[in-house]
Amino acid sequence: MKKVLYLHGFASSPAGRKIAAVRSLLATRGAEVVAPDLNVPSFLDLDFDAMVRVELAESQRQPPAVVVGSSLGALIAIEASQRGVRAPLLLIAPALNFGKRWVENLPAGDPLTFFHHAEARELPIRRRFFESLAAIENHRNPPAVPVVVVMGTRDESVPIALVREVWRRWDASGKLALGSRYIEIAGGDHGLVEHAPLLAENIVDLFSWTPPA
């Protein structure tokens with residue numbers, strides 16, 4: 001059975017609606033979705049390196065056929081790929097320059113509070129999480145594996161112009177792996193929950209990739 005490692009986004013959890021929809025669709029295709037909790041070590045003390053370590057450990061325990069990263073999860077997927085996880089990537093609304101964009105607009109104080117979708121309430125989180133992410137620029141070069149980026153044209157959280165520019169640069173580099181592609185969904189929002197069938201089909205398409213010898 002194929003394993004799909006799904007990395008959820010900021011202030012979310014493995015119980016998200018998109019994960020549930022993709023899991024249900026892939027189950028009929030003989031694939032299992034593994035979705036670790038990335039609120040580590042806790043939401044208050046959220047730490048990017050700790051999140052990446054969760055993926056690295058899960059990938060070693062159950063080598064995935066595809067890694068899916070949603071929003072902030074896409075940054076984790078890219079980072080783990082650069083650290084040796086050899087699986088194609090599906091990046092959904094990748095939160096590129098996440099830290100820089102947040103730091104510029106954060107209110108005063110520490111800790112800050114954000115609405116946590118899984119908890120359905122405001123929760124505190126330390127400012128240093130956003131400050132540490134501001135230094136991460138792991139999207140400068142394309143991943144060494146096939147990568148599919150899916151973006152909605154009406155994404156309310158991630159600027160589509162930024163993602164388009166990163167993809168243009170990746171494409172112009174000539175270094176994108178065979179099978180890589182950029183998909184824009186007209187009218188699509190940040191969640192893209194209703195587009196789960198399209199996400200599942202692209203995951204299945206990536207199953208055919210095998211690492212070069």
# chains A, B, ... in the order shown; residues from 1 in each chain; ligands from 1
call {"tool": "residues_around", "arguments": {"residues": "segment 7-21 of chain A", "least_positions_apart": "2", "cutoff": "8 Å", "atoms": "only C-alpha atoms", "output": "VMD selection string"}}
result
chain A and resid 5 23 to 25 35 to 39 43 55 67 to 74 76 to 77 114 to 118 191 to 193 196
call {"tool": "write_last_selection", "arguments": {"atoms": "C-alpha atoms", "output": "compact mmCIF listing (two decimals), in the first residue's frame"}}
result
# COMPACT_ATOMS: atom_id res chain seq x y z
CA LEU A 5 2.66 11.82 4.24
CA ARG A 23 -7.74 10.34 2.84
CA SER A 24 -11.18 9.09 1.81
CA LEU A 25 -10.47 9.53 -1.90
CA ALA A 35 -0.83 12.89 8.95
CA PRO A 36 1.33 13.66 12.01
CA ASP A 37 0.48 16.43 14.46
CA LEU A 38 2.84 19.33 13.77
CA ASN A 39 1.88 21.43 16.80
CA PHE A 43 1.34 25.50 19.83
CA GLU A 55 8.52 14.67 9.15
CA VAL A 67 4.72 14.12 0.60
CA VAL A 68 1.86 16.63 0.67
CA GLY A 69 2.42 20.00 2.32
CA SER A 70 -0.42 22.43 2.88
CA SER A 71 0.42 26.11 3.49
CA LEU A 72 3.07 26.12 6.25
CA GLY A 73 3.28 22.35 5.77
CA ALA A 74 4.68 23.05 2.29
CA ILE A 76 8.27 21.79 6.05
CA ALA A 77 8.01 19.49 3.03
CA PHE A 114 -4.09 33.30 17.07
CA PHE A 115 -7.25 31.40 16.27
CA HIS A 116 -6.45 27.68 16.18
CA HIS A 117 -8.83 26.01 13.74
CA ALA A 118 -8.58 22.55 15.29
CA GLY A 191 -8.39 25.96 1.90
CA LEU A 192 -9.21 24.32 -1.46
CA VAL A 193 -11.24 21.71 0.43
CA ALA A 196 -9.84 17.49 -2.92
call {"tool": "residues_around", "arguments": {"residues": "segment 132-136 of chain A", "least_positions_apart": "4", "cutoff": "10 Å", "atoms": "only C-alpha atoms", "output": "PyMOL selection string"}}
result
chain A and resi 47-49+75+79+96-104+127-128+140
call {"tool": "atom_distance", "arguments": {"atom1": "atom CA of Val149 of chain A", "atom2": "atom CA of Ile185 of chain A"}}
result
10.7 Å
call {"tool": "select_by_dssp", "arguments": {"residues": "segment 19-182 of chain A", "states": "strand (DSSP E or B)", "output": "PyMOL selection string"}}
result
chain A and resi 31-34+66-70+89-92+112-116+121-125+147-152+181-182
call {"tool": "select_by_dssp", "arguments": {"residues": "segment 2-83 of chain A", "states": "helix (DSSP H, G or I)", "output": "PyMOL selection string"}}
result
chain A and resi 17-27+48-61+72-82
call {"tool": "decode", "arguments": {"residues": "segment 33-46 of chain A", "atoms": "all heavy atoms", "output": "PDB file, in the first residue's frame"}}
result
ATOM      1  N   VAL A  33      -3.101   7.654   3.970  1.00  0.00           N
ATOM      2  CA  VAL A  33      -2.602   8.972   4.338  1.00  0.00           C
ATOM      3  C   VAL A  33      -2.150   8.956   5.791  1.00  0.00           C
ATOM      4  O   VAL A  33      -2.914   8.592   6.686  1.00  0.00           O
ATOM      5  CB  VAL A  33      -3.672  10.056   4.133  1.00  0.00           C
ATOM      6  CG1 VAL A  33      -3.182  11.402   4.676  1.00  0.00           C
ATOM      7  CG2 VAL A  33      -4.023  10.184   2.649  1.00  0.00           C
ATOM      8  N   VAL A  34      -0.903   9.335   6.015  1.00  0.00           N
ATOM      9  CA  VAL A  34      -0.352   9.468   7.361  1.00  0.00           C
ATOM     10  C   VAL A  34      -0.192  10.962   7.625  1.00  0.00           C
ATOM     11  O   VAL A  34       0.487  11.660   6.877  1.00  0.00           O
ATOM     12  CB  VAL A  34       1.010   8.763   7.475  1.00  0.00           C
ATOM     13  CG1 VAL A  34       1.615   8.971   8.861  1.00  0.00           C
ATOM     14  CG2 VAL A  34       0.876   7.282   7.147  1.00  0.00           C
ATOM     15  N   ALA A  35      -0.846  11.452   8.672  1.00  0.00           N
ATOM     16  CA  ALA A  35      -0.833  12.890   8.952  1.00  0.00           C
ATOM     17  C   ALA A  35      -0.415  13.129  10.401  1.00  0.00           C
ATOM     18  O   ALA A  35      -1.235  13.066  11.313  1.00  0.00           O
ATOM     19  CB  ALA A  35      -2.210  13.499   8.701  1.00  0.00           C
ATOM     20  N   PRO A  36       0.860  13.403  10.649  1.00  0.00           N
ATOM     21  CA  PRO A  36       1.328  13.658  12.013  1.00  0.00           C
ATOM     22  C   PRO A  36       0.874  15.021  12.518  1.00  0.00           C
ATOM     23  O   PRO A  36       0.585  15.928  11.734  1.00  0.00           O
ATOM     24  CB  PRO A  36       2.849  13.604  11.875  1.00  0.00           C
ATOM     25  CG  PRO A  36       3.111  14.015  10.459  1.00  0.00           C
ATOM     26  CD  PRO A  36       1.968  13.470   9.663  1.00  0.00           C
ATOM     27  N   ASP A  37       0.807  15.151  13.832  1.00  0.00           N
ATOM     28  CA  ASP A  37       0.483  16.429  14.459  1.00  0.00           C
ATOM     29  C   ASP A  37       1.750  17.281  14.492  1.00  0.00           C
ATOM     30  O   ASP A  37       2.755  16.900  15.075  1.00  0.00           O
ATOM     31  CB  ASP A  37      -0.031  16.186  15.878  1.00  0.00           C
ATOM     32  CG  ASP A  37      -0.606  17.452  16.511  1.00  0.00           C
ATOM     33  OD1 ASP A  37      -0.408  18.566  15.954  1.00  0.00           O
ATOM     34  OD2 ASP A  37      -1.251  17.340  17.567  1.00  0.00           O
ATOM     35  N   LEU A  38       1.676  18.456  13.868  1.00  0.00           N
ATOM     36  CA  LEU A  38       2.842  19.332  13.771  1.00  0.00           C
ATOM     37  C   LEU A  38       2.806  20.482  14.775  1.00  0.00           C
ATOM     38  O   LEU A  38       3.605  21.418  14.668  1.00  0.00           O
ATOM     39  CB  LEU A  38       2.953  19.886  12.346  1.00  0.00           C
ATOM     40  CG  LEU A  38       3.137  18.816  11.262  1.00  0.00           C
ATOM     41  CD1 LEU A  38       3.090  19.441   9.881  1.00  0.00           C
ATOM     42  CD2 LEU A  38       4.440  18.047  11.460  1.00  0.00           C
ATOM     43  N   ASN A  39       1.915  20.422  15.741  1.00  0.00           N
ATOM     44  CA  ASN A  39       1.884  21.427  16.802  1.00  0.00           C
ATOM     45  C   ASN A  39       2.909  21.041  17.863  1.00  0.00           C
ATOM     46  O   ASN A  39       2.567  20.660  18.991  1.00  0.00           O
ATOM     47  CB  ASN A  39       0.473  21.514  17.402  1.00  0.00           C
ATOM     48  CG  ASN A  39      -0.531  22.056  16.402  1.00  0.00           C
ATOM     49  OD1 ASN A  39      -0.531  23.240  16.082  1.00  0.00           O
ATOM     50  ND2 ASN A  39      -1.404  21.179  15.898  1.00  0.00           N
ATOM     51  N   VAL A  40       4.180  21.112  17.496  1.00  0.00           N
ATOM     52  CA  VAL A  40       5.251  20.616  18.360  1.00  0.00           C
ATOM     53  C   VAL A  40       6.258  21.719  18.683  1.00  0.00           C
ATOM     54  O   VAL A  40       6.548  22.570  17.841  1.00  0.00           O
ATOM     55  CB  VAL A  40       5.967  19.426  17.689  1.00  0.00           C
ATOM     56  CG1 VAL A  40       5.070  18.210  17.653  1.00  0.00           C
ATOM     57  CG2 VAL A  40       6.443  19.766  16.271  1.00  0.00           C
ATOM     58  N   PRO A  41       6.829  21.691  19.899  1.00  0.00           N
ATOM     59  CA  PRO A  41       6.450  20.809  21.014  1.00  0.00           C
ATOM     60  C   PRO A  41       5.075  21.127  21.594  1.00  0.00           C
ATOM     61  O   PRO A  41       4.489  20.323  22.297  1.00  0.00           O
ATOM     62  CB  PRO A  41       7.549  21.042  22.049  1.00  0.00           C
ATOM     63  CG  PRO A  41       8.041  22.428  21.755  1.00  0.00           C
ATOM     64  CD  PRO A  41       7.944  22.604  20.270  1.00  0.00           C
ATOM     65  N   SER A  42       4.557  22.319  21.293  1.00  0.00           N
ATOM     66  CA  SER A  42       3.198  22.727  21.610  1.00  0.00           C
ATOM     67  C   SER A  42       2.903  23.933  20.732  1.00  0.00           C
ATOM     68  O   SER A  42       3.816  24.507  20.128  1.00  0.00           O
ATOM     69  CB  SER A  42       3.066  23.108  23.099  1.00  0.00           C
ATOM     70  OG  SER A  42       3.846  24.274  23.377  1.00  0.00           O
ATOM     71  N   PHE A  43       1.639  24.330  20.642  1.00  0.00           N
ATOM     72  CA  PHE A  43       1.337  25.500  19.830  1.00  0.00           C
ATOM     73  C   PHE A  43       1.980  26.755  20.430  1.00  0.00           C
ATOM     74  O   PHE A  43       2.483  27.612  19.710  1.00  0.00           O
ATOM     75  CB  PHE A  43      -0.168  25.695  19.692  1.00  0.00           C
ATOM     76  CG  PHE A  43      -0.535  26.778  18.713  1.00  0.00           C
ATOM     77  CD1 PHE A  43      -0.296  26.622  17.350  1.00  0.00           C
ATOM     78  CD2 PHE A  43      -1.102  27.969  19.155  1.00  0.00           C
ATOM     79  CE1 PHE A  43      -0.614  27.624  16.443  1.00  0.00           C
ATOM     80  CE2 PHE A  43      -1.426  28.984  18.251  1.00  0.00           C
ATOM     81  CZ  PHE A  43      -1.175  28.805  16.889  1.00  0.00           C
ATOM     82  N   LEU A  44       1.998  26.834  21.741  1.00  0.00           N
ATOM     83  CA  LEU A  44       2.618  27.987  22.405  1.00  0.00           C
ATOM     84  C   LEU A  44       4.085  28.120  22.018  1.00  0.00           C
ATOM     85  O   LEU A  44       4.562  29.215  21.721  1.00  0.00           O
ATOM     86  CB  LEU A  44       2.497  27.850  23.924  1.00  0.00           C
ATOM     87  CG  LEU A  44       3.251  28.897  24.756  1.00  0.00           C
ATOM     88  CD1 LEU A  44       2.691  30.300  24.507  1.00  0.00           C
ATOM     89  CD2 LEU A  44       3.185  28.538  26.246  1.00  0.00           C
ATOM     90  N   ASP A  45       4.803  27.009  22.018  1.00  0.00           N
ATOM     91  CA  ASP A  45       6.243  27.016  21.735  1.00  0.00           C
ATOM     92  C   ASP A  45       6.558  26.422  20.364  1.00  0.00           C
ATOM     93  O   ASP A  45       7.610  25.786  20.173  1.00  0.00           O
ATOM     94  CB  ASP A  45       6.984  26.238  22.819  1.00  0.00           C
ATOM     95  CG  ASP A  45       6.940  26.947  24.170  1.00  0.00           C
ATOM     96  OD1 ASP A  45       7.331  28.122  24.214  1.00  0.00           O
ATOM     97  OD2 ASP A  45       6.507  26.324  25.151  1.00  0.00           O
ATOM     98  N   LEU A  46       5.679  26.650  19.422  1.00  0.00           N
ATOM     99  CA  LEU A  46       5.846  26.078  18.090  1.00  0.00           C
ATOM    100  C   LEU A  46       7.248  26.341  17.553  1.00  0.00           C
ATOM    101  O   LEU A  46       7.777  27.441  17.667  1.00  0.00           O
ATOM    102  CB  LEU A  46       4.803  26.695  17.144  1.00  0.00           C
ATOM    103  CG  LEU A  46       4.396  25.877  15.920  1.00  0.00           C
ATOM    104  CD1 LEU A  46       3.792  24.545  16.328  1.00  0.00           C
ATOM    105  CD2 LEU A  46       3.388  26.670  15.086  1.00  0.00           C
TER     106      LEU A  46
END
